[in-house]
>>> print(open('target.csv').read())   # CSV, C-alpha atoms
chain,number,residue,atom,x,y,z
A,1,MET,CA,52.4,-21.7,-31.9
A,2,SER,CA,52.5,-18.8,-29.4
A,3,GLU,CA,54.6,-18.3,-26.3
A,4,HIS,CA,51.5,-17.0,-24.6
A,5,LEU,CA,49.5,-20.3,-25.1
A,6,VAL,CA,50.9,-23.1,-23.1
A,7,LEU,CA,49.6,-26.7,-23.7
A,8,SER,CA,50.3,-29.3,-21.0
A,9,VAL,CA,49.1,-32.9,-20.8
A,10,ASP,CA,48.6,-34.9,-17.6
A,11,GLY,CA,47.3,-38.4,-18.4
A,12,PRO,CA,43.9,-38.1,-20.2
A,13,VAL,CA,43.6,-34.3,-19.5
A,14,ALA,CA,45.2,-31.6,-21.6
A,15,THR,CA,45.3,-28.0,-20.3
A,16,LEU,CA,45.7,-25.0,-22.5
A,17,THR,CA,46.7,-22.0,-20.4
A,18,ILE,CA,46.4,-18.4,-21.7
A,19,ASP,CA,49.5,-16.9,-20.2
A,20,ARG,CA,49.9,-13.2,-21.0
A,21,PRO,CA,49.3,-11.7,-17.5
A,22,ALA,CA,50.9,-8.3,-18.3
A,23,LYS,CA,48.0,-7.7,-20.7
A,24,ARG,CA,45.3,-9.5,-18.7
A,25,ASN,CA,45.7,-12.3,-21.2
A,26,ALA,CA,44.6,-10.2,-24.1
A,27,LEU,CA,44.6,-12.3,-27.3
A,28,SER,CA,46.9,-11.2,-30.1
A,29,PHE,CA,46.5,-12.1,-33.8
A,30,GLU,CA,49.4,-14.5,-33.3
A,31,MET,CA,47.6,-16.2,-30.4
A,32,TRP,CA,44.3,-16.5,-32.3
A,33,SER,CA,46.2,-17.9,-35.3
A,34,ALA,CA,47.9,-20.5,-33.1
A,35,ILE,CA,44.7,-22.0,-31.6
A,36,PRO,CA,43.7,-24.2,-34.5
A,37,GLY,CA,47.1,-26.0,-34.5
A,38,ILE,CA,46.9,-26.5,-30.8
A,39,VAL,CA,43.4,-27.9,-31.0
A,40,ALA,CA,44.6,-30.2,-33.9
A,41,GLU,CA,47.4,-31.5,-31.6
A,42,VAL,CA,44.9,-32.3,-28.9
A,43,ALA,CA,42.6,-34.0,-31.3
A,44,ALA,CA,45.4,-36.2,-32.7
A,45,ASP,CA,46.5,-37.4,-29.3
A,46,ASP,CA,44.6,-40.6,-28.6
A,47,GLU,CA,45.6,-40.5,-24.9
A,48,VAL,CA,43.9,-37.1,-24.3
A,49,ARG,CA,40.2,-37.3,-23.6
A,50,VAL,CA,39.4,-33.8,-22.2
A,51,LEU,CA,40.7,-30.3,-22.8
A,52,VAL,CA,40.6,-27.6,-20.1
A,53,ILE,CA,41.2,-24.0,-21.1
A,54,ARG,CA,42.2,-21.6,-18.4
A,55,GLY,CA,43.9,-18.3,-17.8
A,56,THR,CA,46.0,-16.9,-15.0
A,57,GLU,CA,44.6,-14.2,-12.7
A,58,ASN,CA,42.2,-13.4,-15.6
A,59,PHE,CA,40.8,-15.8,-18.2
A,60,SER,CA,41.2,-13.2,-21.0
A,61,ALA,CA,40.3,-9.5,-21.2
A,62,GLY,CA,39.6,-9.9,-24.9
A,63,ALA,CA,41.4,-9.1,-28.2
A,64,ASP,CA,44.6,-7.1,-27.9
A,65,ILE,CA,43.4,-3.5,-28.4
A,66,SER,CA,46.9,-2.3,-29.4
A,67,GLU,CA,46.4,-4.2,-32.7
A,68,PHE,CA,43.4,-2.0,-33.6
A,69,SER,CA,45.9,0.7,-34.6
A,70,THR,CA,48.1,-1.7,-36.6
A,71,LEU,CA,46.7,-5.0,-37.8
A,72,ARG,CA,43.0,-3.9,-37.6
A,73,ARG,CA,43.5,-0.3,-38.7
A,74,ASP,CA,41.5,-0.7,-42.0
A,75,ALA,CA,38.7,-2.8,-43.3
A,76,ALA,CA,41.0,-5.4,-45.0
A,77,GLY,CA,43.0,-5.8,-41.8
A,78,ALA,CA,39.9,-6.1,-39.7
A,79,GLN,CA,38.5,-8.8,-42.0
A,80,ARG,CA,41.7,-10.8,-41.9
A,81,TYR,CA,41.7,-10.5,-38.1
A,82,GLY,CA,38.1,-11.6,-37.9
A,83,GLN,CA,38.9,-14.7,-40.0
A,84,ALA,CA,41.6,-15.7,-37.6
A,85,VAL,CA,39.2,-15.4,-34.7
A,86,GLU,CA,36.5,-17.4,-36.5
A,87,ALA,CA,39.0,-20.1,-37.4
A,88,ALA,CA,40.1,-20.4,-33.8
A,89,THR,CA,36.6,-20.7,-32.4
A,90,LYS,CA,35.5,-23.1,-35.2
A,91,ALA,CA,38.5,-25.3,-34.4
A,92,MET,CA,37.5,-25.4,-30.7
A,93,THR,CA,33.8,-26.0,-31.4
A,94,GLY,CA,34.8,-28.8,-33.8
A,95,LEU,CA,37.0,-30.7,-31.4
A,96,PRO,CA,35.2,-34.1,-30.8
A,97,LYS,CA,36.6,-34.2,-27.2
A,98,PRO,CA,34.8,-32.4,-24.4
A,99,THR,CA,36.2,-29.0,-23.4
A,100,ILE,CA,35.9,-27.0,-20.2
A,101,ALA,CA,36.6,-23.3,-19.7
A,102,ALA,CA,37.8,-22.6,-16.2
A,103,ILE,CA,37.2,-18.9,-15.9
A,104,THR,CA,38.9,-16.5,-13.5
A,105,GLY,CA,38.8,-12.7,-13.4
A,106,PHE,CA,37.9,-10.9,-16.6
A,107,CYS,CA,36.3,-12.9,-19.5
A,108,ILE,CA,35.6,-10.2,-21.9
A,109,GLY,CA,35.1,-10.0,-25.7
A,110,GLY,CA,37.4,-12.5,-27.4
A,111,GLY,CA,37.9,-14.2,-24.0
A,112,CYS,CA,34.1,-14.8,-23.9
A,113,GLU,CA,34.2,-16.1,-27.4
A,114,ILE,CA,36.8,-18.7,-26.3
A,115,ALA,CA,34.7,-19.7,-23.3
A,116,LEU,CA,31.5,-20.0,-25.4
A,117,ALA,CA,33.3,-22.3,-27.8
A,118,CYS,CA,33.8,-24.7,-24.9
A,119,ASP,CA,31.3,-27.3,-23.9
A,120,LEU,CA,31.2,-26.3,-20.3
A,121,ARG,CA,32.1,-23.2,-18.4
A,122,ILE,CA,32.8,-23.0,-14.7
A,123,ALA,CA,34.0,-19.8,-13.1
A,124,THR,CA,35.1,-18.1,-9.9
A,125,ASP,CA,32.4,-16.3,-8.0
A,126,ASP,CA,34.1,-12.9,-8.7
A,127,ALA,CA,34.6,-13.4,-12.4
A,128,ARG,CA,33.3,-10.7,-14.8
A,129,PHE,CA,31.9,-11.3,-18.3
A,130,GLY,CA,31.1,-9.1,-21.3
A,131,ILE,CA,31.0,-8.9,-25.1
A,132,THR,CA,31.7,-5.4,-26.1
A,133,PRO,CA,31.6,-4.8,-30.0
A,134,ALA,CA,28.9,-2.1,-29.4
A,135,LYS,CA,31.7,0.0,-27.9
A,136,LEU,CA,33.8,-0.5,-31.1
A,137,GLY,CA,31.4,-0.4,-34.0
A,138,ILE,CA,32.0,-4.1,-34.8
A,139,VAL,CA,29.3,-6.6,-35.7
A,140,PHE,CA,29.9,-9.8,-33.7
A,141,ASN,CA,30.3,-12.7,-36.0
A,142,LEU,CA,27.5,-15.2,-36.6
A,143,PRO,CA,29.1,-18.4,-35.2
A,144,SER,CA,30.0,-16.8,-31.9
A,145,THR,CA,26.6,-15.0,-31.7
A,146,LYS,CA,24.9,-18.3,-32.2
A,147,GLN,CA,26.9,-19.8,-29.4
A,148,LEU,CA,25.9,-16.9,-27.2
A,149,VAL,CA,22.2,-17.4,-28.1
A,150,ASP,CA,22.5,-21.1,-27.5
A,151,ALA,CA,23.9,-20.5,-24.0
A,152,VAL,CA,21.7,-17.6,-22.8
A,153,GLY,CA,18.8,-17.3,-25.2
A,154,PRO,CA,18.0,-14.5,-27.7
A,155,ALA,CA,16.8,-11.9,-25.2
A,156,TRP,CA,19.9,-12.0,-23.0
A,157,ALA,CA,22.1,-12.3,-26.1
A,158,LYS,CA,20.6,-9.1,-27.3
A,159,GLN,CA,21.0,-7.3,-24.0
A,160,ILE,CA,24.7,-8.4,-23.8
A,161,LEU,CA,25.4,-7.3,-27.4
A,162,PHE,CA,23.3,-4.2,-27.5
A,163,THR,CA,24.7,-2.8,-24.2
A,164,GLY,CA,28.3,-4.1,-23.9
A,165,ASP,CA,27.7,-4.2,-20.2
A,166,ILE,CA,29.9,-6.2,-17.9
A,167,LEU,CA,28.0,-8.9,-16.0
A,168,ASP,CA,29.0,-10.3,-12.6
A,169,ALA,CA,29.3,-14.0,-11.9
A,170,PRO,CA,25.9,-14.5,-10.2
A,171,THR,CA,24.2,-13.0,-13.2
A,172,ALA,CA,26.3,-15.2,-15.6
A,173,LEU,CA,25.2,-18.2,-13.7
A,174,ARG,CA,21.5,-17.2,-13.5
A,175,ILE,CA,21.3,-16.7,-17.3
A,176,GLY,CA,23.2,-19.8,-18.2
A,177,LEU,CA,26.4,-18.3,-19.4
A,178,VAL,CA,28.3,-20.5,-17.0
A,179,ASN,CA,27.4,-23.9,-15.4
A,180,GLU,CA,28.9,-23.5,-12.0
A,181,LEU,CA,30.5,-20.9,-9.7
A,182,HIS,CA,33.3,-21.7,-7.2
A,183,SER,CA,35.7,-19.8,-5.0
A,184,ALA,CA,39.1,-18.9,-6.5
A,185,ASP,CA,40.7,-21.5,-4.3
A,186,ALA,CA,38.3,-24.2,-5.3
A,187,LEU,CA,38.1,-23.6,-9.1
A,188,PRO,CA,41.3,-25.4,-10.2
A,189,LYS,CA,40.4,-28.6,-8.3
A,190,ARG,CA,36.8,-28.5,-9.6
A,191,ALA,CA,38.0,-28.2,-13.2
A,192,GLN,CA,40.5,-31.0,-12.7
A,193,ASP,CA,37.9,-33.2,-11.0
A,194,LEU,CA,35.3,-32.6,-13.7
A,195,ALA,CA,37.8,-33.3,-16.4
A,196,ASP,CA,38.9,-36.5,-14.7
A,197,LEU,CA,35.3,-37.6,-14.3
A,198,MET,CA,34.6,-37.1,-17.9
A,199,ALA,CA,37.8,-38.8,-18.9
A,200,SER,CA,36.7,-41.9,-16.9
A,201,ARG,CA,33.3,-42.1,-18.7
A,202,SER,CA,32.6,-43.9,-22.0
A,203,GLN,CA,34.2,-41.9,-24.7
A,204,VAL,CA,31.7,-43.5,-27.1
A,205,THR,CA,28.9,-42.0,-25.1
A,206,ILE,CA,30.5,-38.6,-24.8
A,207,HIS,CA,31.4,-38.4,-28.5
A,208,GLY,CA,27.9,-39.5,-29.5
A,209,ALA,CA,26.3,-37.0,-27.1
A,210,LYS,CA,28.4,-34.1,-28.2
A,211,THR,CA,27.6,-34.9,-31.8
A,212,ILE,CA,23.9,-35.2,-31.3
A,213,VAL,CA,23.7,-32.0,-29.2
A,214,GLY,CA,25.5,-30.2,-32.0
A,215,TRP,CA,23.0,-31.5,-34.5
A,216,ILE,CA,20.1,-30.4,-32.3
A,217,LEU,CA,21.6,-26.9,-32.0
A,218,ALA,CA,22.0,-26.8,-35.8
A,219,GLY,CA,18.2,-27.5,-36.1
A,220,ARG,CA,18.1,-31.2,-36.6
A,221,THR,CA,15.2,-32.9,-34.7
A,222,ASP,CA,14.5,-36.1,-36.6
A,223,GLU,CA,16.5,-39.3,-36.5
A,224,ASP,CA,18.2,-40.4,-39.6
A,225,ASP,CA,20.8,-42.8,-40.9
A,226,GLU,CA,23.6,-40.9,-39.1
A,227,THR,CA,21.9,-41.1,-35.7
A,228,HIS,CA,21.1,-44.7,-36.2
A,229,ALA,CA,24.8,-45.4,-37.1
A,230,LEU,CA,25.8,-43.7,-33.8
A,231,TYR,CA,23.4,-45.9,-31.9
A,232,ALA,CA,24.6,-49.0,-33.7
A,233,HIS,CA,28.3,-48.1,-33.1
A,234,SER,CA,27.7,-47.7,-29.3
A,235,VAL,CA,26.0,-51.1,-28.7
A,236,THR,CA,28.7,-52.9,-30.7
A,237,SER,CA,31.6,-51.1,-29.0
A,238,PRO,CA,34.0,-52.4,-26.4
A,239,ASP,CA,32.6,-49.7,-24.1
A,240,TYR,CA,29.2,-51.2,-24.2
A,241,ALA,CA,30.5,-54.6,-23.4
A,242,GLU,CA,32.5,-53.3,-20.5
A,243,GLY,CA,29.7,-51.1,-19.2
A,244,VAL,CA,27.2,-54.0,-19.1
A,245,THR,CA,29.8,-56.4,-17.5
A,246,ALA,CA,30.7,-53.8,-14.9
A,247,PHE,CA,27.1,-53.2,-14.0
A,248,LEU,CA,26.4,-57.0,-13.6
A,249,GLU,CA,29.6,-57.4,-11.5
A,250,LYS,CA,28.7,-54.3,-9.4
A,251,ARG,CA,32.0,-52.5,-10.0
A,252,PRO,CA,33.0,-49.3,-11.7
A,253,PRO,CA,33.5,-49.6,-15.5
A,254,ARG,CA,37.0,-49.3,-16.9
A,255,PHE,CA,36.7,-47.6,-20.2
>>> encode(input="target.csv", output="structure tokens")
Amino acid sequence: MSEHLVLSVDGPVATLTIDRPAKRNALSFEMWSAIPGIVAEVAADDEVRVLVIRGTENFSAGADISEFSTLRRDAAGAQRYGQAVEAATKAMTGLPKPTIAAITGFCIGGGCEIALACDLRIATDDARFGITPAKLGIVFNLPSTKQLVDAVGPAWAKQILFTGDILDAPTALRIGLVNELHSADALPKRAQDLADLMASRSQVTIHGAKTIVGWILAGRTDEDDETHALYAHSVTSPDYAEGVTAFLEKRPPRF
């Protein structure tokens, strides 16, 4: 674990706060390395249905640049560091529960990787976004590049990666990098409301939808035994029985 990553749980919603404000929430090797364990803790808690990831004044200004002269000084160190980043984003992407990035301030480099690994991204209307390996001579890793392409399409992904430019929030919304924009005052409540809403919905549906969207993004387009098993599980689940009963009784379902 890391002292700069704070996990809290309130009912069905877990919140992971990146808390290193003195460095604009820059992510150290220790922080990257701690993320898979935190995600595993969220996955193992049956009471938790949604994970929100947030920063403080800034979401994250990226990887800790001070470690370029130490842990990332040579090729071997850079490779080890890159493996920790990939393990962190892979863990987040693989979490079967929905994830929301609530983005404030700077969301740059590694911060953008964390946000892209989430299912939904909402941001303040003054947030700033960028992925800047072109300024460092680094090739952005394939899994995170794919997540960027999935979010904004290949043309905008190329522009973001080729230029290293910083994008404003309206541009991020227009190109699909974020789902919604809100004022700084309104963002925390919107993140909580969105998480609460998803937590109240059928988790059978959400898990199935997240799984199928992931398959589609991986290139699967045809139904097979796995998709049929998801369908069969849903219509034999307690959630389906409750959903139908609630509909007939004209009341909200209690999943």
>>> atom_distance(input="target.csv", atom1="CA of Ser28 in chain A", atom2="CA of Ala88 in chain A")
12.0 Å
>>> closest_residue(input="target.csv", among="A:Asp46, A:Asp168, A:Asp64, A:Glu3", to="Gly111 in chain A", atoms="only C-alpha atoms")
A:Asp64
>>> closest_residue(input="target.csv", among="A:Asp19, A:Gly55, A:Phe106, A:Leu177", to="Gly153 in chain A", atoms="only C-alpha atoms")
A:Leu177
>>> closest_residue(input="target.csv", among="A:His233, A:Lys250, A:Arg54, A:Lys146", to="Val204 in chain A", atoms="all atoms listed in the file")
A:His233
>>> atom_distance(input="target.csv", atom1="CA of Pro21 in chain A", atom2="CA of Glu180 in chain A")
24.2 Å
>>> residues_around(input="target.csv", residues="range 121-138 of chain A", least_positions_apart="6", cutoff="7 Å", atoms="all atoms listed in the file", output="ChimeraX atom specification")
/A:100-109,112,115,160-169,178-184,187
>>> closest_atom_pairs(input="target.csv", of="range 120-173 of chain A", to="range 210-223 of chain A", cutoff="12 Å", atoms="only C-alpha atoms", output="CSV")
residue,atom,partner,partner_atom,distance
A:Leu120,CA,A:Lys210,CA,11.4
A:Pro143,CA,A:Ala218,CA,11.0
A:Lys146,CA,A:Leu217,CA,9.2
A:Gln147,CA,A:Leu217,CA,9.2
A:Leu148,CA,A:Leu217,CA,11.9
A:Val149,CA,A:Leu217,CA,10.3
A:Asp150,CA,A:Leu217,CA,7.4
A:Ala151,CA,A:Leu217,CA,10.5
>>> residues_around(input="target.csv", residues="Thr99 in chain A", least_positions_apart="6", cutoff="10 Å", atoms="all atoms listed in the file", output="PyMOL selection string")
chain A and resi 13-15+49-53+92-93+115+117-121+195+198
>>> atom_distance(input="target.csv", atom1="CA of Thr145 in chain A", atom2="CA of Glu113 in chain A")
8.8 Å
>>> axis_aligned_box(input="target.csv", around="range 138-156 of chain A", padding_each_side="6 Å", output="AutoDock Vina command-line options")
--center_x 24.4 --center_y -12.6 --center_z -29.7 --size_x 27.2 --size_y 29.0 --size_z 25.8
>>> residues_around(input="target.csv", residues="Phe68 in chain A", least_positions_apart="3", cutoff="12 Å", atoms="only C-alpha atoms", output="PyMOL selection string")
chain A and resi 28-29+63-65+71-75+77-79+81-82+136+138
>>> closest_residue(input="target.csv", among="A:Thr245, A:Ser2, A:Ser66, A:Ser202", to="Ala34 in chain A", atoms="all atoms listed in the file")
A:Ser2
>>> closest_residue(input="target.csv", among="A:Ile175, A:Ala241, A:Ile206, A:Ala91", to="Ala43 in chain A", atoms="only C-alpha atoms")
A:Ala91
>>> closest_residue(input="target.csv", among="A:Ala61, A:Ala157, A:Leu5, A:Ala246", to="Ile38 in chain A", atoms="all atoms listed in the file")
A:Leu5
>>> build_atoms(input="target.csv", residues="range 4-15 of chain A", atoms="N, CA, C and O atoms", output="short mmCIF file (atom, residue, chain, number, x, y, z; two decimals), in the frame of the given file")
data_model
loop_
_atom_site.label_atom_id
_atom_site.label_comp_id
_atom_site.auth_asym_id
_atom_site.auth_seq_id
_atom_site.Cartn_x
_atom_site.Cartn_y
_atom_site.Cartn_z
N HIS A 4 52.49 -17.39 -25.59
CA HIS A 4 51.50 -17.00 -24.60
C HIS A 4 50.36 -18.07 -24.48
O HIS A 4 49.40 -17.84 -23.74
N LEU A 5 50.47 -19.16 -25.21
CA LEU A 5 49.50 -20.30 -25.10
C LEU A 5 50.31 -21.52 -24.77
O LEU A 5 51.12 -21.98 -25.57
N VAL A 6 50.08 -22.04 -23.58
CA VAL A 6 50.90 -23.10 -23.10
C VAL A 6 50.02 -24.39 -22.95
O VAL A 6 49.05 -24.41 -22.19
N LEU A 7 50.39 -25.42 -23.70
CA LEU A 7 49.60 -26.70 -23.70
C LEU A 7 50.42 -27.69 -22.83
O LEU A 7 51.60 -27.93 -23.06
N SER A 8 49.73 -28.29 -21.86
CA SER A 8 50.30 -29.30 -21.00
C SER A 8 49.38 -30.52 -21.01
O SER A 8 48.17 -30.36 -21.17
N VAL A 9 49.94 -31.70 -20.81
CA VAL A 9 49.10 -32.90 -20.80
C VAL A 9 49.48 -33.71 -19.53
O VAL A 9 50.66 -33.94 -19.23
N ASP A 10 48.44 -34.10 -18.80
CA ASP A 10 48.60 -34.90 -17.60
C ASP A 10 47.63 -36.09 -17.73
O ASP A 10 46.44 -35.95 -17.44
N GLY A 11 48.13 -37.23 -18.18
CA GLY A 11 47.30 -38.40 -18.40
C GLY A 11 46.25 -38.08 -19.48
O GLY A 11 46.60 -37.62 -20.57
N PRO A 12 44.96 -38.28 -19.20
CA PRO A 12 43.90 -38.10 -20.20
C PRO A 12 43.45 -36.63 -20.34
O PRO A 12 42.56 -36.34 -21.13
N VAL A 13 44.03 -35.71 -19.55
CA VAL A 13 43.60 -34.30 -19.50
C VAL A 13 44.64 -33.39 -20.06
O VAL A 13 45.76 -33.37 -19.55
N ALA A 14 44.28 -32.65 -21.10
CA ALA A 14 45.20 -31.60 -21.60
C ALA A 14 44.68 -30.26 -21.08
O ALA A 14 43.47 -30.05 -20.94
N THR A 15 45.61 -29.38 -20.78
CA THR A 15 45.30 -28.00 -20.30
C THR A 15 45.94 -27.01 -21.16
O THR A 15 47.17 -27.05 -21.36
#
